[in-house]
file run.cif (mmCIF, C-alpha atoms)
data_target
loop_
_atom_site.label_atom_id
_atom_site.label_comp_id
_atom_site.auth_asym_id
_atom_site.auth_seq_id
_atom_site.Cartn_x
_atom_site.Cartn_y
_atom_site.Cartn_z
CA MET A 354 57.17 36.13 54.04
CA GLU A 355 57.79 33.18 56.29
CA ASN A 356 57.65 30.42 53.69
CA VAL A 357 60.18 32.10 51.38
CA ARG A 358 63.88 31.77 52.14
CA SER A 359 65.88 34.99 51.78
CA LEU A 360 69.48 35.86 52.67
CA ILE A 361 69.95 39.01 54.71
CA ASP A 362 72.85 38.11 57.03
CA ILE A 363 75.62 35.57 56.37
CA LEU A 364 74.97 33.94 59.75
CA GLU A 365 71.54 32.82 58.50
CA LEU A 366 73.45 30.15 56.57
CA SER A 367 74.74 27.20 58.56
CA VAL A 368 78.28 26.00 57.96
CA GLU A 369 76.77 22.96 56.22
CA GLU A 370 74.79 25.20 53.88
CA ILE A 371 77.91 27.21 53.10
CA ASP A 372 79.73 23.95 52.34
CA GLY A 373 76.84 23.06 50.02
CA LEU A 374 77.00 26.40 48.20
CA VAL A 375 80.77 26.11 47.76
CA ALA A 376 80.32 22.57 46.41
CA THR A 377 77.67 23.73 43.93
CA ALA A 378 79.78 26.71 42.83
CA THR A 379 82.76 24.41 42.36
CA ASP A 380 80.66 22.09 40.22
CA ILE A 381 79.45 25.05 38.16
CA ILE A 382 83.10 25.98 37.44
CA ALA A 383 83.79 22.40 36.34
CA ASN A 384 80.56 21.90 34.35
CA PRO A 385 79.14 25.30 33.29
CA ALA A 386 77.07 23.79 30.48
CA ALA A 387 75.13 21.66 32.96
CA TYR A 388 73.87 24.83 34.61
CA ALA A 389 73.33 27.03 31.55
CA HIS A 390 69.56 26.47 31.46
CA LYS A 391 68.78 25.86 35.12
CA CYS A 392 66.99 29.20 35.37
CA ASP A 393 65.29 29.31 31.97
CA GLY A 394 62.17 31.40 32.29
CA ARG A 395 63.18 32.85 35.67
CA ILE A 396 63.72 36.55 36.32
CA LEU A 397 66.11 38.23 38.74
CA ALA A 398 65.23 41.80 39.78
CA THR A 399 68.24 43.89 40.77
CA LEU A 400 66.97 46.73 42.94
CA PHE A 401 69.98 48.96 43.50
CA PHE A 402 68.99 52.07 45.41
CA GLU A 403 72.61 53.20 45.33
CA PRO A 404 75.22 52.75 42.63
CA SER A 405 77.34 49.61 42.50
CA THR A 406 79.23 48.24 39.56
CA ARG A 407 80.78 45.04 40.77
CA THR A 408 77.98 43.54 42.84
CA ARG A 409 75.17 44.36 40.42
CA LEU A 410 77.05 43.06 37.38
CA SER A 411 78.05 39.95 39.31
CA PHE A 412 74.41 39.18 40.12
CA GLU A 413 73.32 39.90 36.56
CA SER A 414 76.12 37.78 35.11
CA ALA A 415 75.21 34.97 37.52
CA MET A 416 71.54 34.94 36.47
CA LEU A 417 72.31 35.23 32.76
CA SER A 418 74.79 32.35 33.06
CA LEU A 419 71.99 30.22 34.50
CA GLY A 420 69.75 30.98 31.53
CA GLY A 421 67.56 33.45 33.40
CA GLN A 422 66.77 37.06 32.66
CA VAL A 423 67.34 40.28 34.55
CA LEU A 424 65.45 43.51 35.15
CA GLY A 425 65.84 46.31 37.64
CA PHE A 426 67.32 49.73 38.30
CA SER A 427 70.74 50.91 39.34
CA GLU A 428 70.00 54.05 41.35
CA ALA A 429 67.18 55.29 43.53
CA ALA A 430 66.52 58.26 41.23
CA SER A 431 65.23 55.90 38.54
CA SER A 432 62.91 54.05 40.90
CA SER A 433 59.62 54.94 42.54
CA ALA A 434 61.55 55.46 45.78
CA ALA A 435 62.28 58.92 44.37
CA LYS A 436 58.52 59.56 44.60
CA GLY A 437 58.53 58.48 48.23
CA GLU A 438 57.40 54.88 47.88
CA SER A 439 58.28 52.64 50.81
CA VAL A 440 60.60 49.66 50.51
CA ALA A 441 57.66 47.40 51.42
CA ASP A 442 55.49 48.70 48.57
CA THR A 443 58.34 48.61 46.05
CA VAL A 444 59.11 45.00 46.86
CA ARG A 445 55.45 43.94 46.89
CA THR A 446 55.25 45.28 43.33
CA VAL A 447 58.54 43.82 42.11
CA SER A 448 57.60 40.43 43.59
CA CYS A 449 54.89 40.33 40.93
CA TYR A 450 57.43 40.79 38.14
CA SER A 451 60.27 38.55 39.24
CA ASP A 452 61.22 35.24 40.83
CA ILE A 453 64.06 36.50 43.02
CA ILE A 454 65.34 39.92 44.11
CA ALA A 455 68.83 41.25 44.84
CA MET A 456 68.65 44.53 46.73
CA ARG A 457 71.24 47.14 47.64
CA HIS A 458 70.07 50.04 49.76
CA PRO A 459 71.90 52.82 51.62
CA LYS A 460 69.72 52.38 54.71
CA GLU A 461 70.62 49.59 57.09
CA GLY A 462 67.90 46.99 57.47
CA ALA A 463 66.10 47.84 54.22
CA PRO A 464 66.61 44.37 52.69
CA LEU A 465 65.23 42.80 55.88
CA VAL A 466 62.12 44.95 55.53
CA ALA A 467 61.93 43.89 51.88
CA SER A 468 62.13 40.20 52.83
CA MET A 469 59.24 40.67 55.27
CA HIS A 470 56.96 41.83 52.45
CA SER A 471 58.24 39.97 49.41
CA THR A 472 56.61 36.87 48.00
CA VAL A 473 59.92 35.87 46.37
CA PRO A 474 63.39 35.41 47.92
CA VAL A 475 65.36 38.59 48.67
CA ILE A 476 69.15 38.66 48.68
CA ASN A 477 70.82 41.47 50.58
CA ALA A 478 73.36 42.94 48.14
CA GLY A 479 74.61 45.43 50.73
CA ASP A 480 72.75 47.68 53.16
CA GLY A 481 74.84 50.70 54.07
CA GLY A 482 77.67 49.80 56.40
CA HIS A 483 75.72 46.87 57.82
CA ASN A 484 75.66 43.53 55.96
CA HIS A 485 76.88 42.28 52.61
CA PRO A 486 76.47 38.50 52.81
CA THR A 487 77.30 37.69 49.18
CA GLN A 488 80.66 39.45 49.55
CA THR A 489 81.31 37.21 52.53
CA LEU A 490 80.23 34.16 50.53
CA THR A 491 82.65 35.30 47.83
CA ASP A 492 85.42 35.60 50.42
CA LEU A 493 84.61 32.16 51.82
CA MET A 494 84.54 30.59 48.35
CA THR A 495 87.95 32.14 47.63
CA ILE A 496 89.40 30.93 50.93
CA HIS A 497 88.12 27.42 50.32
CA HIS A 498 89.50 27.29 46.79
CA GLU A 499 92.84 28.78 47.72
CA LYS A 500 93.42 26.82 50.92
CA GLY A 501 91.24 23.73 50.43
CA ARG A 502 89.66 24.12 53.87
CA PHE A 503 88.09 26.54 56.34
CA GLU A 504 89.61 25.08 59.51
CA ASN A 505 92.94 25.91 61.16
CA LEU A 506 93.67 29.09 59.22
CA THR A 507 95.38 32.25 60.43
CA ILE A 508 93.75 35.23 58.77
CA GLY A 509 95.22 38.71 58.89
CA PHE A 510 92.85 41.63 58.38
CA CYS A 511 94.72 44.79 57.43
CA GLY A 512 93.68 48.43 57.06
CA ASP A 513 90.34 49.87 58.05
CA LEU A 514 88.95 47.38 60.54
CA LYS A 515 86.65 49.90 62.18
CA PHE A 516 84.25 50.75 59.39
CA GLY A 517 84.78 47.79 57.05
CA ARG A 518 81.56 45.76 56.93
CA THR A 519 83.25 43.04 54.87
CA VAL A 520 85.80 42.59 57.67
CA HIS A 521 83.15 42.27 60.39
CA SER A 522 81.09 39.78 58.37
CA LEU A 523 84.05 37.61 57.42
CA ILE A 524 85.28 37.55 61.03
CA SER A 525 81.79 36.42 62.11
CA ALA A 526 81.69 33.74 59.44
CA MET A 527 85.20 32.42 60.12
CA SER A 528 84.62 32.38 63.88
CA ARG A 529 82.44 29.31 63.37
CA TYR A 530 85.35 27.18 62.15
CA ARG A 531 87.69 25.19 64.34
CA GLY A 532 91.22 26.49 64.72
CA THR A 533 90.58 29.95 63.24
CA ARG A 534 93.15 32.49 64.40
CA ILE A 535 92.66 36.17 63.68
CA VAL A 536 95.40 38.80 63.35
CA LEU A 537 94.12 42.38 63.35
CA ILE A 538 96.48 44.85 61.69
CA SER A 539 95.44 48.48 61.72
CA PRO A 540 96.33 51.96 62.96
CA GLU A 541 94.97 52.80 66.41
CA GLU A 542 92.35 55.03 64.81
CA LEU A 543 90.87 52.18 62.76
CA LYS A 544 90.97 49.25 65.18
CA LEU A 545 88.24 46.63 65.18
CA PRO A 546 85.32 47.92 67.31
CA SER A 547 85.26 46.47 70.82
CA TYR A 548 81.73 45.07 70.34
CA VAL A 549 82.95 42.83 67.50
CA LYS A 550 85.79 41.58 69.68
CA LYS A 551 83.45 41.01 72.58
CA GLU A 552 80.35 39.67 70.83
CA VAL A 553 82.11 37.61 68.16
CA LEU A 554 85.73 36.77 68.91
CA GLN A 555 85.55 36.42 72.67
CA ARG A 556 82.13 34.76 72.63
CA CYS A 557 83.35 32.15 70.13
CA GLY A 558 86.65 31.69 71.97
CA ILE A 559 88.67 32.74 68.91
CA GLU A 560 92.36 33.44 69.43
CA TYR A 561 93.30 36.89 68.14
CA ILE A 562 96.03 39.45 68.33
CA GLN A 563 96.10 43.16 67.49
CA THR A 564 99.08 44.92 66.01
CA THR A 565 100.05 47.98 64.01
CA ASP A 566 102.97 46.23 62.30
CA LEU A 567 102.07 44.28 59.17
CA GLU A 568 105.56 42.99 58.40
CA ALA A 569 106.07 41.66 61.91
CA VAL A 570 103.07 39.32 61.65
CA MET A 571 103.37 38.50 57.95
CA PRO A 572 105.10 35.11 58.43
CA GLN A 573 102.17 33.83 60.52
CA LEU A 574 99.48 34.44 57.92
CA ASP A 575 97.73 31.92 55.70
CA ILE A 576 95.42 34.63 54.35
CA LEU A 577 95.92 38.39 54.20
CA TYR A 578 92.65 40.29 53.77
CA MET A 579 93.51 43.83 52.70
CA THR A 580 91.17 46.81 52.96
CA ARG A 581 91.54 50.44 52.08
CA VAL A 582 92.54 53.08 54.63
CA GLN A 583 90.30 55.98 53.74
CA ARG A 584 91.36 59.57 54.12
CA GLU A 585 87.92 60.71 55.24
CA ARG A 586 88.09 58.49 58.32
CA PHE A 587 90.82 60.61 59.91
CA PHE A 588 90.30 63.67 62.02
CA ASN A 589 93.39 65.37 60.68
CA GLU A 590 95.43 65.15 57.52
CA GLU A 591 98.67 64.73 59.44
CA ASP A 592 97.60 61.40 60.94
CA TYR A 593 96.41 60.15 57.58
CA LEU A 594 99.67 61.04 55.87
CA ARG A 595 101.63 59.45 58.70
CA LEU A 596 99.71 56.18 58.52
CA LYS A 597 98.59 55.62 54.98
CA ASP A 598 101.85 54.18 53.64
CA SER A 599 102.11 51.66 56.48
CA TYR A 600 99.25 49.76 55.02
CA ILE A 601 100.11 49.76 51.37
CA LEU A 602 101.05 46.24 50.42
CA THR A 603 104.10 46.18 48.21
CA ALA A 604 106.06 43.27 46.76
CA GLU A 605 108.89 44.13 49.18
CA LYS A 606 106.62 43.71 52.23
CA LEU A 607 105.92 40.12 51.19
CA TRP A 608 109.57 39.09 51.63
CA ASN A 609 108.86 37.05 54.76
CA ALA A 610 105.34 35.84 53.86
CA LYS A 611 104.47 32.18 53.48
CA GLU A 612 104.87 30.72 50.01
CA ASP A 613 101.22 29.70 50.01
CA LEU A 614 99.81 32.94 51.42
CA SER A 615 96.59 34.09 49.73
CA ILE A 616 96.00 37.84 49.40
CA LEU A 617 92.33 38.85 49.29
CA HIS A 618 90.68 42.25 48.88
CA PRO A 619 86.95 42.97 48.48
CA LEU A 620 87.80 45.64 45.84
CA PRO A 621 87.72 48.28 44.55
CA ARG A 622 91.37 48.86 45.21
CA VAL A 623 92.81 52.35 45.14
CA ASN A 624 96.45 52.26 46.16
CA GLU A 625 96.53 49.92 49.13
CA ILE A 626 97.93 47.06 47.08
CA SER A 627 100.78 47.97 44.75
CA VAL A 628 100.15 46.97 41.13
CA ALA A 629 103.40 44.99 41.25
CA VAL A 630 101.74 42.57 43.70
CA ASP A 631 99.22 41.63 40.98
CA ARG A 632 101.94 39.52 39.34
CA ASP A 633 102.60 37.60 42.53
CA PRO A 634 100.94 34.16 42.40
CA ARG A 635 99.72 34.74 45.95
CA ALA A 636 97.46 37.61 44.79
CA ALA A 637 93.95 36.13 44.76
CA TYR A 638 91.79 39.27 44.57
CA PHE A 639 90.91 39.05 40.90
CA LYS A 640 90.16 35.35 41.21
CA GLN A 641 87.94 36.44 44.10
CA VAL A 642 85.81 38.47 41.66
CA ARG A 643 85.42 35.41 39.46
CA TYR A 644 84.44 33.23 42.39
CA GLY A 645 81.85 35.85 43.33
CA ARG A 646 79.90 35.14 40.18
CA TYR A 647 79.86 31.37 40.74
CA ILE A 648 78.88 31.52 44.38
CA ARG A 649 76.03 33.91 43.48
CA MET A 650 74.89 31.38 40.86
CA ALA A 651 74.88 28.71 43.54
CA LEU A 652 72.96 30.98 45.91
CA ILE A 653 70.31 31.84 43.31
CA LEU A 654 69.78 28.12 42.64
CA LYS A 655 69.50 27.37 46.35
CA LEU A 656 67.00 30.13 47.09
CA LEU A 657 64.91 29.21 44.05
CA GLY A 658 64.96 25.57 45.17
CA ILE A 659 66.55 24.36 41.93
CA ASN A 660 68.84 21.33 42.19
CA MET B 406 55.99 59.69 105.60
CA ILE B 407 52.80 57.62 105.41
CA ILE B 408 51.13 56.53 102.20
CA ASP B 409 47.84 54.70 102.55
CA ALA B 410 47.95 50.97 101.88
CA ILE B 411 46.01 49.99 98.76
CA LYS B 412 43.13 47.56 98.87
CA ASN B 413 43.01 46.38 95.28
CA GLY B 414 45.84 47.25 92.97
CA ILE B 415 49.51 46.86 92.14
CA VAL B 416 52.71 47.73 93.96
CA ILE B 417 55.80 47.99 91.76
CA ASP B 418 58.69 47.58 94.16
CA HIS B 419 62.49 47.52 94.08
CA ILE B 420 62.70 50.11 91.32
CA ALA B 421 66.24 51.47 91.17
CA ALA B 422 66.31 54.89 92.88
CA GLY B 423 65.51 57.61 90.37
CA LYS B 424 63.86 55.32 87.79
CA ALA B 425 60.23 55.59 88.97
CA MET B 426 59.31 58.57 86.78
CA GLU B 427 60.73 56.87 83.71
CA LEU B 428 58.64 53.80 84.39
CA TYR B 429 55.61 55.97 85.16
CA GLN B 430 55.90 57.60 81.77
CA ILE B 431 56.51 54.55 79.60
CA LEU B 432 53.70 52.60 81.29
CA GLY B 433 51.38 55.53 80.61
CA LEU B 434 50.33 55.74 84.27
CA GLY B 435 49.60 59.45 83.89
CA GLU B 436 46.53 58.51 81.86
CA LEU B 437 44.92 56.57 84.72
CA ASP B 438 42.12 58.19 86.69
CA CYS B 439 42.86 56.25 89.89
CA SER B 440 45.34 57.15 92.62
CA VAL B 441 48.97 56.53 91.72
CA ALA B 442 51.66 57.13 94.35
CA ILE B 443 55.32 57.48 93.50
CA LEU B 444 57.72 57.02 96.40
CA LYS B 445 61.28 58.08 95.71
CA ASN B 446 64.48 57.26 97.59
CA VAL B 447 62.84 54.90 100.04
CA VAL B 448 65.35 53.19 102.35
CA SER B 449 65.87 49.60 101.23
CA GLY B 450 67.86 46.84 102.87
CA LYS B 451 68.53 45.27 99.47
CA LEU B 452 69.21 48.32 97.30
CA GLY B 453 70.17 51.03 99.78
CA ARG B 454 67.63 53.36 98.19
CA LYS B 455 64.76 52.41 95.93
CA ASP B 456 61.65 53.82 94.29
CA ILE B 457 58.14 52.35 94.60
CA ILE B 458 54.97 52.92 92.57
CA LYS B 459 51.55 52.12 94.05
CA ILE B 460 48.55 51.93 91.74
CA ASP B 461 45.14 51.89 93.34
CA ARG B 462 43.49 49.70 90.75
CA ASP B 463 43.96 46.23 89.27
CA LEU B 464 45.02 46.62 85.67
CA ASP B 465 46.87 44.72 82.97
CA LEU B 466 50.39 46.12 82.80
CA ASP B 467 52.96 45.46 80.08
CA TRP B 468 55.28 43.19 82.07
CA ASP B 469 57.81 43.12 79.24
CA ILE B 470 58.37 46.85 79.47
CA ILE B 471 58.96 46.64 83.21
CA GLY B 472 61.34 43.72 82.67
CA TYR B 473 63.19 45.74 80.06
CA VAL B 474 63.57 48.76 82.33
CA ASP B 475 64.90 46.61 85.17
CA PRO B 476 64.38 42.83 85.56
CA ASN B 477 65.08 43.17 89.30
CA ILE B 478 61.83 45.06 89.86
CA THR B 479 59.16 43.07 91.69
CA VAL B 480 55.45 43.46 91.12
CA ASN B 481 52.95 42.68 93.87
CA ILE B 482 49.28 42.16 93.10
CA ILE B 483 47.05 43.24 95.98
CA LYS B 484 43.48 42.00 96.46
CA ASP B 485 41.30 42.85 99.45
CA GLY B 486 44.33 44.35 101.16
CA GLU B 487 46.38 41.16 100.84
CA ARG B 488 49.26 40.35 98.49
CA VAL B 489 47.97 37.51 96.35
CA GLU B 490 50.81 37.35 93.83
CA LYS B 491 54.45 38.39 93.63
CA ARG B 492 55.74 38.46 90.07
CA GLN B 493 59.37 37.96 89.22
CA LEU B 494 60.13 39.70 85.96
CA LYS B 495 62.52 38.70 83.25
CA MET B 496 64.04 40.54 80.35
CA PRO B 497 61.86 40.06 77.25
CA GLU B 498 63.42 38.56 74.12
CA THR B 499 61.95 41.37 72.02
CA ILE B 500 60.38 44.72 72.80
CA THR B 501 58.22 46.57 70.32
CA GLY B 502 57.27 50.23 70.25
CA VAL B 503 59.16 51.21 73.39
CA ILE B 504 62.67 52.20 72.32
CA HIS B 505 63.41 54.13 69.13
CA CYS B 506 66.48 53.47 67.02
CA LYS B 507 68.83 56.44 67.07
CA ASN B 508 70.97 55.26 64.15
CA PRO B 509 70.50 57.82 61.34
CA ARG B 510 71.49 55.15 58.81
CA CYS B 511 68.71 52.78 59.94
CA ILE B 512 65.76 52.22 57.60
CA THR B 513 63.47 53.29 60.45
CA SER B 514 64.94 56.79 60.22
CA VAL B 515 63.22 57.29 56.85
CA GLU B 516 60.30 54.87 57.07
CA GLN B 517 58.75 55.93 60.32
CA GLU B 518 55.69 53.68 60.11
CA LEU B 519 57.89 50.61 60.60
CA PRO B 520 57.45 49.07 64.05
CA GLN B 521 60.41 49.77 66.32
CA VAL B 522 61.55 46.30 67.33
CA PHE B 523 64.56 45.53 69.51
CA LYS B 524 65.99 42.09 70.29
CA LEU B 525 67.86 40.97 73.36
CA THR B 526 71.35 39.95 72.17
CA ASP B 527 73.34 39.87 75.42
CA ARG B 528 71.36 38.97 78.52
CA ALA B 529 74.29 39.30 80.93
CA ASN B 530 74.96 42.87 79.88
CA ARG B 531 71.32 43.72 79.10
CA VAL B 532 72.06 44.64 75.50
CA TYR B 533 69.20 45.16 73.06
CA ARG B 534 69.80 45.72 69.36
CA CYS B 535 67.58 47.12 66.63
CA ARG B 536 65.99 44.35 64.58
CA TYR B 537 66.81 46.17 61.34
CA CYS B 538 70.27 47.74 61.69
CA GLU B 539 71.49 45.97 64.85
CA ALA B 540 72.46 49.27 66.46
CA LYS B 541 72.69 48.98 70.22
CA ALA B 542 69.78 50.51 72.10
CA ALA B 543 70.51 53.41 74.39
CA LYS B 544 70.32 52.44 78.04
CA SER B 545 66.79 52.46 79.36
CA GLY B 546 67.39 55.77 81.10
CA ASN B 547 67.56 57.43 77.68
CA LEU B 548 64.29 56.36 76.18
#
call {"tool": "encode", "arguments": {"input": "run.cif", "output": "structure tokens"}}
result
Amino acid sequence: MENVRSLIDILELSVEEIDGLVATATDIIANPAAYAHKCDGRILATLFFEPSTRTRLSFESAMLSLGGQVLGFSEAASSSAAKGESVADTVRTVSCYSDIIAMRHPKEGAPLVASMHSTVPVINAGDGGHNHPTQTLTDLMTIHHEKGRFENLTIGFCGDLKFGRTVHSLISAMSRYRGTRIVLISPEELKLPSYVKKEVLQRCGIEYIQTTDLEAVMPQLDILYMTRVQRERFFNEEDYLRLKDSYILTAEKLWNAKEDLSILHPLPRVNEISVAVDRDPRAAYFKQVRYGRYIRMALILKLLGIN
Amino acid sequence: MIIDAIKNGIVIDHIAAGKAMELYQILGLGELDCSVAILKNVVSGKLGRKDIIKIDRDLDLDWDIIGYVDPNITVNIIKDGERVEKRQLKMPETITGVIHCKNPRCITSVEQELPQVFKLTDRANRVYRCRYCEAKAAKSGNL
């Protein structure tokens, strides 16, 4: 619906709006009581057509912390989609029961279709390998809190840069800030797709380098965004075994990193960050989860038009 | 080879050699009951070789589709044996119901009643992307 504001793609938010959301989320952290009843009487519907623990609980926690209530389902089998109902019909129905919707769907573009038929705001909570704007907002909130700014940062992306939707979205979002420098660290098999380089980095005039050597570029980085190298992405086991350990972050590999480096990871982690790194003050990935809840609170308020 | 000049109708000129049949099909020209001539591999000073389609009737064509197939195509409107208009085409910002998304992860792969909408995202390289999943459209030769 045209008169209802949804969030499907992070680039729908201007840099000023992102600044506003970060400011609201920061104020929520400082004054949680002031926000505890902002959504009294409001209902968030979480329509999760595929399982997700972190994102769904983060949305639910956000709404409950604002005084609102939550309903929904956590897998397609327990929804009418299992009977063959279209996304449009599901969302038309749920619009009647709720004030705002967070939707995760395995098919790319499903939340956009939902937003076209909903009478309430729709938040894309992940559509296949396509978009996941609230993860990107979480990443941006973390970057802002850890570094105090968005401009003039060198960000290293490490691991699976080919299939990682969080990587593509964060690169797009950071490409709008002055002085952003991107360092792409991955095996040849998992390099950033050329269309992202061409349509985002080159179009925005962003300086970037590509390398396979994490330790060689470590001293340059203000932020290290780790992702998981997944076995199933490789054509043969030999290549996977050869490469997987190159991209496990250990305490030893941080020997030449900046003192104020921030290490981010969208989680879940498997083994790509050694548990020993968790004790390093530069590890920000669990704080990132916390920030995710606050930025989702700010987003819910914005889309509901609550000051 | 001589093809009769048309008196009232449309001449679609400067079609890249080999593309005339594709255009013929997507414009649905096979459904017309008037004369339609397809000239292939005509010598052209500008293109080397080109295709031409002549339609012996004035009708309302979907200019966007022609612009999508090739914005360099020119369309001449003929009335009483004279060219009364020469249309320069441009690539449309969106095209609906012409290309189908081939991405098996796209919502359109399971909800087939959704309109197939593609948006122009890179004019210089003639790149169209699916409105829903942003997958790049196949080149127009692979409709």
call {"tool": "residues_around", "arguments": {"input": "run.cif", "residues": "segment 434-443 of chain B", "least_positions_apart": "6", "cutoff": "6 Å", "atoms": "all atoms listed in the file", "output": "PDB file with C-alpha atoms, keeping the file's coordinate frame"}}
result
ATOM      1  CA  ILE B 457      58.140  52.350  94.600  1.00  0.00           C
ATOM      2  CA  ILE B 458      54.970  52.920  92.570  1.00  0.00           C
ATOM      3  CA  LYS B 459      51.550  52.120  94.050  1.00  0.00           C
ATOM      4  CA  ILE B 460      48.550  51.930  91.740  1.00  0.00           C
ATOM      5  CA  ASP B 461      45.140  51.890  93.340  1.00  0.00           C
TER       6      ASP B 461
END
call {"tool": "resolve_selection", "arguments": {"input": "run.cif", "expression": "the PyMOL selection byres ((chain B) within 6 of (chain A))", "output": "PyMOL selection string"}}
result
chain B and resi 510-512+537-538
call {"tool": "closest_residue", "arguments": {"input": "run.cif", "among": "A:Val368, A:Ile361, A:Leu400, A:Ile616", "to": "Glu499 of chain A", "atoms": "only C-alpha atoms"}}
result
A:Ile616
call {"tool": "atom_distance", "arguments": {"input": "run.cif", "atom1": "atom CA of Ala604 of chain A", "atom2": "atom CA of Gly512 of chain A"}}
result
16.9 Å
call {"tool": "resolve_selection", "arguments": {"input": "run.cif", "expression": "the PyMOL selection byres ((chain B and resi 462-476) around 8)", "output": "list of chain:residue names"}}
result
B:Asn413, B:Gly414, B:Ile415, B:Ile420, B:Ala421, B:Leu428, B:Ile431, B:Leu432, B:Cys439, B:Ser440, B:Ile460, B:Asp461, B:Asn477, B:Ile478, B:Ile482, B:Ile483, B:Gln493, B:Leu494, B:Lys495, B:Met496, B:Pro497, B:Ile500, B:Val503, B:Ser545
call {"tool": "residues_around", "arguments": {"input": "run.cif", "residues": "Asp598 of chain A", "least_positions_apart": "4", "cutoff": "10 Å", "atoms": "only C-alpha atoms", "output": "list of chain:residue names"}}
result
A:Val582, A:Tyr593, A:Leu594, A:Leu602, A:Thr603, A:Asn624, A:Glu625
call {"tool": "write_last_selection", "arguments": {"input": "run.cif", "atoms": "C-alpha atoms", "output": "PDB file, in the frame of the given file"}}
result
ATOM      1  CA  VAL A 582      92.540  53.080  54.630  1.00  0.00           C
ATOM      2  CA  TYR A 593      96.410  60.150  57.580  1.00  0.00           C
ATOM      3  CA  LEU A 594      99.670  61.040  55.870  1.00  0.00           C
ATOM      4  CA  LEU A 602     101.050  46.240  50.420  1.00  0.00           C
ATOM      5  CA  THR A 603     104.100  46.180  48.210  1.00  0.00           C
ATOM      6  CA  ASN A 624      96.450  52.260  46.160  1.00  0.00           C
ATOM      7  CA  GLU A 625      96.530  49.920  49.130  1.00  0.00           C
TER       8      GLU A 625
END
call {"tool": "resolve_selection", "arguments": {"input": "run.cif", "expression": "the PyMOL selection byres ((chain A and resi 543) around 6)", "output": "PyMOL selection string"}}
result
chain A and resi 513-515+539-542+544
call {"tool": "closest_residue", "arguments": {"input": "run.cif", "among": "A:Gly558, A:Pro572, A:Pro385, A:Pro619", "to": "Thr507 of chain A", "atoms": "all atoms listed in the file"}}
result
A:Pro572
call {"tool": "decode", "arguments": {"input": "run.cif", "residues": "segment 612-625 of chain A", "atoms": "N, CA and C atoms", "output": "compact mmCIF listing (two decimals), in the first residue's frame"}}
result
# COMPACT_ATOMS: atom_id res chain seq x y z
N GLU A 612 44.61 -1.45 17.93
CA GLU A 612 44.11 -1.60 19.29
C GLU A 612 42.61 -1.34 19.37
N ASP A 613 42.12 -0.50 18.47
CA ASP A 613 40.69 -0.18 18.51
C ASP A 613 39.91 -0.87 17.39
N LEU A 614 40.45 -1.95 16.86
CA LEU A 614 39.70 -2.74 15.88
C LEU A 614 38.39 -3.21 16.50
N SER A 615 37.33 -3.30 15.67
CA SER A 615 36.07 -3.91 16.14
C SER A 615 35.79 -5.13 15.28
N ILE A 616 35.56 -6.26 15.92
CA ILE A 616 35.29 -7.51 15.19
C ILE A 616 33.79 -7.77 15.22
N LEU A 617 33.19 -7.82 14.04
CA LEU A 617 31.75 -8.07 13.92
C LEU A 617 31.51 -9.41 13.24
N HIS A 618 30.35 -9.98 13.48
CA HIS A 618 29.94 -11.23 12.83
C HIS A 618 28.41 -11.27 12.91
N PRO A 619 27.73 -11.58 11.81
CA PRO A 619 26.26 -11.58 11.88
C PRO A 619 25.71 -12.75 12.71
N LEU A 620 26.55 -13.74 13.01
CA LEU A 620 26.15 -14.93 13.77
C LEU A 620 25.05 -15.70 13.03
N PRO A 621 24.86 -16.97 13.19
CA PRO A 621 25.58 -17.78 14.17
C PRO A 621 27.00 -18.11 13.73
N ARG A 622 27.85 -18.22 14.73
CA ARG A 622 29.23 -18.61 14.48
C ARG A 622 29.34 -20.13 14.58
N VAL A 623 30.17 -20.72 13.79
CA VAL A 623 30.46 -22.14 13.96
C VAL A 623 31.89 -22.26 14.50
N ASN A 624 32.87 -22.16 13.62
CA ASN A 624 34.24 -22.22 14.13
C ASN A 624 35.12 -21.13 13.54
N GLU A 625 34.51 -20.19 12.83
CA GLU A 625 35.33 -19.21 12.12
C GLU A 625 35.93 -18.14 13.02
